[in-house]
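Below is one structure, written out as structure tokens; the observations come after it.
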Amino acid sequence: MPPFVLVDGSYFLFRAFHALPPLTTSTGLHTNAIRGAISAIQKLMRRTQPTHMAVIFDTPEPTFRHKLSPIYKGDRPSMPDELAEQIPYLHALIRALGIPLHALPGAEADDIIGTLAKRAEAQGYQVLISTGDKDMAQLVTEKVTLEDSFKDKPMDINGVFEKFGVWPNQIIDYLTLMGDASDGIMGVPGVGAKTAAKLLNEYGDLNNIIANAANIKGKIGQSIQDNIEGIRLDHQLASIICDLDMGLVYDDLKLTDPNVEELRRLYTELEFRNQLQSLDHPNNPNNSNYKQTAKAAATTNSEAETIKTEDQANISSVDDLLGQANYHTVLTQDAWDKLFQRLSTEKRFAIDTETTSLDYRQAAMVGFSVAFDANDAYYIPLAHDYEGAPEQLNREEILKQIKPILEDKSVEKIGHHLKYDAHIFANHGIELQGWYFDTMLASYVLNSVATRHGMDDVARLYLSHLTTTFEQVAGKGAKQKTFNQIEIETAAHYAAEDAHVTYRLYEVLDRKLSATPELVNILHNIEMPVARVLSIMEENGIELDLSFLDQLSVEFTETIQNLENQIIDLAGQEFNVSSPKQVGEILFDKLGLKGGKKTATGQYSTSESVLEKIDHPITELIIEYRGLTKLKGTYTEGLSKQANPETHRVHTSYHQALTATGRLSSTDPNLQNIPIREEIGRQIRKAFIAPEGRVLLAADYSQIELRLMAHFSQDEALVHAFQHGQDVHRRTASEVLGIPIEDVTSDQRRQAKAVNFGLLYGMSEFGLIRQLGFTRQESQDYIKQYFHRYPGIYEYMQRTRQVAHEQGFVETILGRRLYTPDIDARNMMVRKGAERAAINAPLQGSAAEIIKMAMIEVEKILPEDQAKLLLQVHDELVFEVDEKIADELAKTIRDVMQDVVKLSVPLVVEVGQGRNWDEAH
């Protein structure tokens, strides 16, 4: 008969945490203790095959021992956050596995284990206690055995004597005499383990030792006599309670069937890939009770799925975890003909490309995959060229054959980041049409902050599925292969899974979105069309004046060197101005400036926010030096490297699914961060030019977020200012200061502008004080008067805060939900920050929607070959236009952009043109 197993869960938790290196999920959750503890528990179960068991944990509540002794376990360090965050997951995982878990506030795990062990022993059961705690040795009897499962060392009665030199019934006395500093058991001064064992072997028990203390020679005897009270207390502290009132019977501790769906959810969130895969293997213990067979229980981690061959069609199939789909590899003409026949008749399918690079401008197509439903997915390898690669279908012929289908608008294409796939097909002369559903964008529209929106993350969140990652098939670092170098058998599963997961995500996300018509509209009428427009913009690129950039780089280098010389002169010694570590040492050690704080790495923080607070000329120079160095590396040098050597055009990449509010962002190069309000930023803009015979045309929404504030708040004064074309900042200064608008000075206008935009962007009171340049009281009075004159804005802010707290999200003008996960955070600073973000989110999100609607509508009216949409930066669109139509087209573009949505106040678009981007402003 198998033993009744009792596991000291707290010991397993700490032992695993300290034994394993730090392990985290892609979201930053630590998992090493969970992995180690669960692995050890499952190993123990496979070996012992119990029918009844329990995992026992301590609780944070104090026990009777803490009341007896204020120093009990007082020297133990507090639990690290990295461990504490793992406990709820470990508890949930144990329960989901069908293993009884128990903890009792006010009692230690030792006491629960002692009570359950004695009850089971009294009923005639063999008991195995798994722990590393030496205190538990007092529980060992003929029927109770101890073991440390991390060391596989069982300990029976004789084993206790071999280890400690005393018998189990002497362990409490043994611990009392020798003490245990980690538990706050003081022990008898001068008595260690050997002396305690010797005394007990000679006198039998603690009472007899105390009775004979006067006869014990040396300091030990006297020490015992001097510490009688402490000995009695320590004896209580060391004694495990074995008669707790727990209300449990033996059958309450019976193993039950695992909750497979809960395990799937937990394994997915914890990113336990092997365990997740094992759920779908017939021999896995998670699919049947551990008690059933030793063979089943031994199969905890699955091997990779086995690939079967269908000889007739030369197609490979895979039993996938995601609905047991079949994955097919198309290698022969016969197999392709059958697949093409289906492609020719289906009106909707998921498609994904496999390439040699993430950069679409450099990527070559290696193959593509398709899925028509959740049952089958197909990979068509076309250019795997590793040594020994099998013969594949001709890429040019296959793409020529599929081109009419891909360019057919009536055939609906589903993809994850379709824009990238469209670029790849464009590289082969195919203009992808029929963009129907992008699962990356659908995830983003549904909840922009629920997860990152790559396929791996979206599948984990919405399908509880861990996809095969690129690193798993291609390797990492310098040895990572490109896709064409990966063996087809391995590549086929990865590629087919992409199409299959995309189709399944479409099914799930389409259903979720359909519950909210506004979100369906945003996906299909905003984000999907914008993705197509962005693909065109990325292909267009914008021309650079490379000689001007070279000249600017030389000027920047000279300025940077002058700044470095000035900084070194002020420091009084040579040092590396580019080294944050050396900058910190100069500022706070050598110059003795106030405000230095060391980070966890032991060096001073010299971030811009730190430097700005230090009143010394050297910090101003360092900030300028850093800014100019960054601009030089990113733009005057970086742009030249990124430009096409033949066309001199640079092609930025736009990202739709990155920001929380719907704003677009760009990389390689990032054109959103050029400091346009500074002269140096305008100089960089001069490098963006129009080719001969053309001009750049820049169309910019004027004060769009302030206009949206007027629309959302319906504040009478703000609405009136915009409806009558007034300078809204002068109007604000006039209202707040109580002076005629014509008497407002430029400085007063600046202060009003700081408040207007500060409130829009969720600036804190401290931030407003710094912007206004007032004392705290003056700033508070100004803001108080501001809200008095603009009560609608105050009501909007209060209303938006309340809505965010009540429903967890705010909405844009089109009904996009912008979630606020930190709105109820316990930390006041975090909560206040979330409230400020919630106030700004509808404004920024609505501005993002308006510029996207403008992009869609403007693209429709651009005369082919005479005008191109090149860039979207903040609230601005940049076009390249034939000179002869520039004036007329500027008016048309302005009208279209101003009419994309009707607000309570006019939308105003300012349009300029010039030979370069700076002149167009």
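Residues in the structure tokens are named by chain (A, B, ... in the order shown) and by number from 1 within that chain; ligands are numbered from 1 in the order shown.
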**OP:** Excluding Glu471 in chain A and any residue of its chain fewer than 4 positions from it, enumerate the residues within 8 Å of it, using only C-alpha atoms, and give them as a PyMOL selection string.
**Re:** chain A and resi 475-476+480
**OP:** Tell me which protein, DNA and RNA residues are within 10 Å of range 446-459 of chain A, counting only C-alpha atoms, leaving out same-chain ones fewer than 3 positions away, and put them as a VMD selection string.
**Re:** chain A and resid 26 to 27 268 to 269 416 to 417 439 to 443 462 to 470 498 501 to 502 504 to 505 509 to 510 512 to 513 516 519 to 520 522 to 523 657 to 662 809 816 to 821
Original post:
Using only C-alpha atoms, which of the listed residues (A:Gln748, A:Thr892, A:Ser579, A:Thr812) sits closest to Ala847 in chain A?
Top reply: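 Comparing A:Gln748, A:Thr892, A:Ser579, A:Thr812 against Ala847 in chain A, the winner is A:Thr812.
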**OP:** Can you check which residues of range 718-846 of chain A DSSP gives as helix (DSSP H, G or I) on the backbone and send them as a PyMOL selection string?
**Re:** chain A and resi 718-723+728-737+741-743+746-760+765-772+776-789+791-807+828-846
Emit the selected residues as an mmCIF file, in the first residue's frame, including C-alpha atoms.
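This went into again26.cif:
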```cif
data_model
loop_
_atom_site.group_PDB
_atom_site.id
_atom_site.type_symbol
_atom_site.label_atom_id
_atom_site.label_comp_id
_atom_site.auth_asym_id
_atom_site.auth_seq_id
_atom_site.Cartn_x
_atom_site.Cartn_y
_atom_site.Cartn_z
ATOM 1 C CA LEU A 718 -13.292 77.314 -24.741
ATOM 2 C CA VAL A 719 -15.883 76.457 -27.380
ATOM 3 C CA HIS A 720 -16.547 80.166 -27.979
ATOM 4 C CA ALA A 721 -12.833 80.886 -28.430
ATOM 5 C CA PHE A 722 -12.436 78.248 -31.131
ATOM 6 C CA GLN A 723 -15.738 79.028 -32.875
ATOM 7 C CA VAL A 728 -7.049 80.324 -27.336
ATOM 8 C CA HIS A 729 -3.967 80.913 -25.167
ATOM 9 C CA ARG A 730 -4.491 84.687 -25.153
ATOM 10 C CA ARG A 731 -8.155 84.057 -24.382
ATOM 11 C CA THR A 732 -7.137 81.829 -21.464
ATOM 12 C CA ALA A 733 -4.755 84.452 -20.059
ATOM 13 C CA SER A 734 -7.469 87.092 -20.446
ATOM 14 C CA GLU A 735 -10.037 84.941 -18.643
ATOM 15 C CA VAL A 736 -7.763 83.891 -15.789
ATOM 16 C CA LEU A 737 -6.099 87.282 -15.203
ATOM 17 C CA ILE A 741 -7.449 90.057 -24.520
ATOM 18 C CA GLU A 742 -5.525 92.778 -26.351
ATOM 19 C CA ASP A 743 -3.568 93.561 -23.160
ATOM 20 C CA SER A 746 3.628 87.266 -24.604
ATOM 21 C CA ASP A 747 4.792 86.038 -21.190
ATOM 22 C CA GLN A 748 1.221 85.825 -19.915
ATOM 23 C CA ARG A 749 0.247 83.929 -23.063
ATOM 24 C CA ARG A 750 3.137 81.507 -22.457
ATOM 25 C CA GLN A 751 1.902 80.820 -18.922
ATOM 26 C CA ALA A 752 -1.655 80.225 -20.147
ATOM 27 C CA LYS A 753 -0.338 77.894 -22.853
ATOM 28 C CA ALA A 754 1.600 75.935 -20.206
ATOM 29 C CA VAL A 755 -1.600 75.373 -18.244
ATOM 30 C CA ASN A 756 -3.700 74.519 -21.316
ATOM 31 C CA PHE A 757 -1.285 71.897 -22.558
ATOM 32 C CA GLY A 758 -0.192 70.833 -19.088
ATOM 33 C CA LEU A 759 -3.740 69.820 -18.236
ATOM 34 C CA LEU A 760 -4.122 68.066 -21.587
ATOM 35 C CA GLU A 765 0.668 70.112 -9.924
ATOM 36 C CA PHE A 766 4.421 70.110 -9.380
ATOM 37 C CA GLY A 767 4.979 70.006 -13.134
ATOM 38 C CA LEU A 768 2.666 72.973 -13.650
ATOM 39 C CA ILE A 769 4.452 74.921 -10.942
ATOM 40 C CA ARG A 770 7.772 74.335 -12.703
ATOM 41 C CA GLN A 771 6.289 75.273 -16.097
ATOM 42 C CA LEU A 772 4.666 78.484 -14.816
ATOM 43 C CA ARG A 776 3.432 77.070 -5.221
ATOM 44 C CA GLN A 777 0.772 79.421 -3.870
ATOM 45 C CA GLU A 778 0.781 81.569 -7.022
ATOM 46 C CA SER A 779 0.435 78.466 -9.180
ATOM 47 C CA GLN A 780 -2.388 77.080 -7.074
ATOM 48 C CA ASP A 781 -4.205 80.423 -7.262
ATOM 49 C CA TYR A 782 -3.725 80.534 -11.042
ATOM 50 C CA ILE A 783 -5.034 77.006 -11.538
ATOM 51 C CA LYS A 784 -7.961 77.673 -9.183
ATOM 52 C CA GLN A 785 -8.925 80.737 -11.210
ATOM 53 C CA TYR A 786 -8.440 78.763 -14.438
ATOM 54 C CA PHE A 787 -11.020 76.181 -13.383
ATOM 55 C CA HIS A 788 -13.327 78.956 -12.207
ATOM 56 C CA ARG A 789 -13.259 80.472 -15.696
ATOM 57 C CA PRO A 791 -15.700 74.961 -15.274
ATOM 58 C CA GLY A 792 -16.474 72.633 -18.165
ATOM 59 C CA ILE A 793 -12.849 71.485 -18.275
ATOM 60 C CA TYR A 794 -12.886 70.813 -14.533
ATOM 61 C CA GLU A 795 -16.129 68.823 -14.870
ATOM 62 C CA TYR A 796 -14.664 66.825 -17.786
ATOM 63 C CA MET A 797 -11.615 65.914 -15.712
ATOM 64 C CA GLN A 798 -13.707 64.861 -12.722
ATOM 65 C CA ARG A 799 -16.136 62.917 -14.907
ATOM 66 C CA THR A 800 -13.352 61.125 -16.768
ATOM 67 C CA ARG A 801 -11.623 60.115 -13.517
ATOM 68 C CA GLN A 802 -14.893 58.690 -12.231
ATOM 69 C CA VAL A 803 -15.601 56.768 -15.434
ATOM 70 C CA ALA A 804 -12.084 55.319 -15.428
ATOM 71 C CA HIS A 805 -12.520 54.118 -11.841
ATOM 72 C CA GLU A 806 -15.989 52.699 -12.465
ATOM 73 C CA GLN A 807 -15.421 50.793 -15.717
ATOM 74 C CA MET A 828 -1.110 56.798 -4.584
ATOM 75 C CA MET A 829 1.532 58.050 -7.042
ATOM 76 C CA VAL A 830 0.735 55.228 -9.467
ATOM 77 C CA ARG A 831 -3.001 55.799 -9.070
ATOM 78 C CA LYS A 832 -2.721 59.571 -9.637
ATOM 79 C CA GLY A 833 -0.582 58.962 -12.689
ATOM 80 C CA ALA A 834 -3.226 56.614 -14.073
ATOM 81 C CA GLU A 835 -5.915 59.246 -13.458
ATOM 82 C CA ARG A 836 -3.932 61.893 -15.344
ATOM 83 C CA ALA A 837 -3.362 59.433 -18.194
ATOM 84 C CA ALA A 838 -7.094 58.665 -18.268
ATOM 85 C CA ILE A 839 -7.898 62.379 -18.664
ATOM 86 C CA ASN A 840 -5.535 62.697 -21.632
ATOM 87 C CA ALA A 841 -6.289 59.339 -23.271
ATOM 88 C CA PRO A 842 -9.631 60.280 -24.937
ATOM 89 C CA LEU A 843 -8.006 63.430 -26.345
ATOM 90 C CA GLN A 844 -4.846 61.793 -27.628
ATOM 91 C CA GLY A 845 -6.707 58.698 -28.793
ATOM 92 C CA SER A 846 -9.307 60.764 -30.646
#
```
Subject >> Selection near range 235-240 of chain A, 7 Å with only C-alpha atoms, sequence-local residues under 4 positions removed, as a PyMOL selection string >> reply: chain A and resi 65+110-111+114+172-173+175-176+231
Neighbours of Ile424 in chain A within 12 Å (only C-alpha atoms; same-chain residues fewer than 5 positions away dropped), as a JSON list (two decimals) with C-alpha atoms, in the first residue's frame?
```json
[["chain", "number", "residue", "atom", "x", "y", "z"],
["A", 352, "ASP", "CA", 1.64, 34.05, -43.58],
["A", 353, "THR", "CA", 5.04, 34.46, -45.23],
["A", 354, "GLU", "CA", 8.40, 33.09, -44.09],
["A", 355, "THR", "CA", 11.43, 35.14, -45.04],
["A", 356, "THR", "CA", 15.12, 35.63, -44.42],
["A", 357, "SER", "CA", 14.76, 38.92, -42.50],
["A", 358, "LEU", "CA", 12.35, 41.02, -40.45],
["A", 359, "ASP", "CA", 13.34, 44.00, -42.59],
["A", 360, "TYR", "CA", 10.98, 43.73, -45.55],
["A", 361, "ARG", "CA", 13.38, 45.73, -47.74],
["A", 362, "GLN", "CA", 16.04, 43.04, -47.34],
["A", 363, "ALA", "CA", 13.86, 39.97, -46.88],
["A", 364, "ALA", "CA", 13.65, 37.18, -49.43],
["A", 365, "MET", "CA", 10.65, 34.85, -49.40],
["A", 366, "VAL", "CA", 11.47, 31.31, -48.23],
["A", 367, "GLY", "CA", 7.92, 30.00, -48.25],
["A", 368, "PHE", "CA", 4.36, 30.75, -47.21],
["A", 399, "LEU", "CA", 3.84, 32.99, -57.01],
["A", 417, "HIS", "CA", 0.63, 41.91, -39.31],
["A", 418, "LEU", "CA", -0.60, 41.79, -42.91],
["A", 419, "LYS", "CA", 1.40, 44.92, -43.74],
["A", 429, "GLY", "CA", 5.42, 41.93, -58.00],
["A", 430, "ILE", "CA", 2.19, 41.03, -56.19],
["A", 431, "GLU", "CA", -0.09, 43.75, -54.81],
["A", 432, "LEU", "CA", -1.96, 42.11, -51.95],
["A", 535, "SER", "CA", 2.37, 50.06, -46.52],
["A", 539, "GLU", "CA", 7.29, 51.89, -49.94]]
```
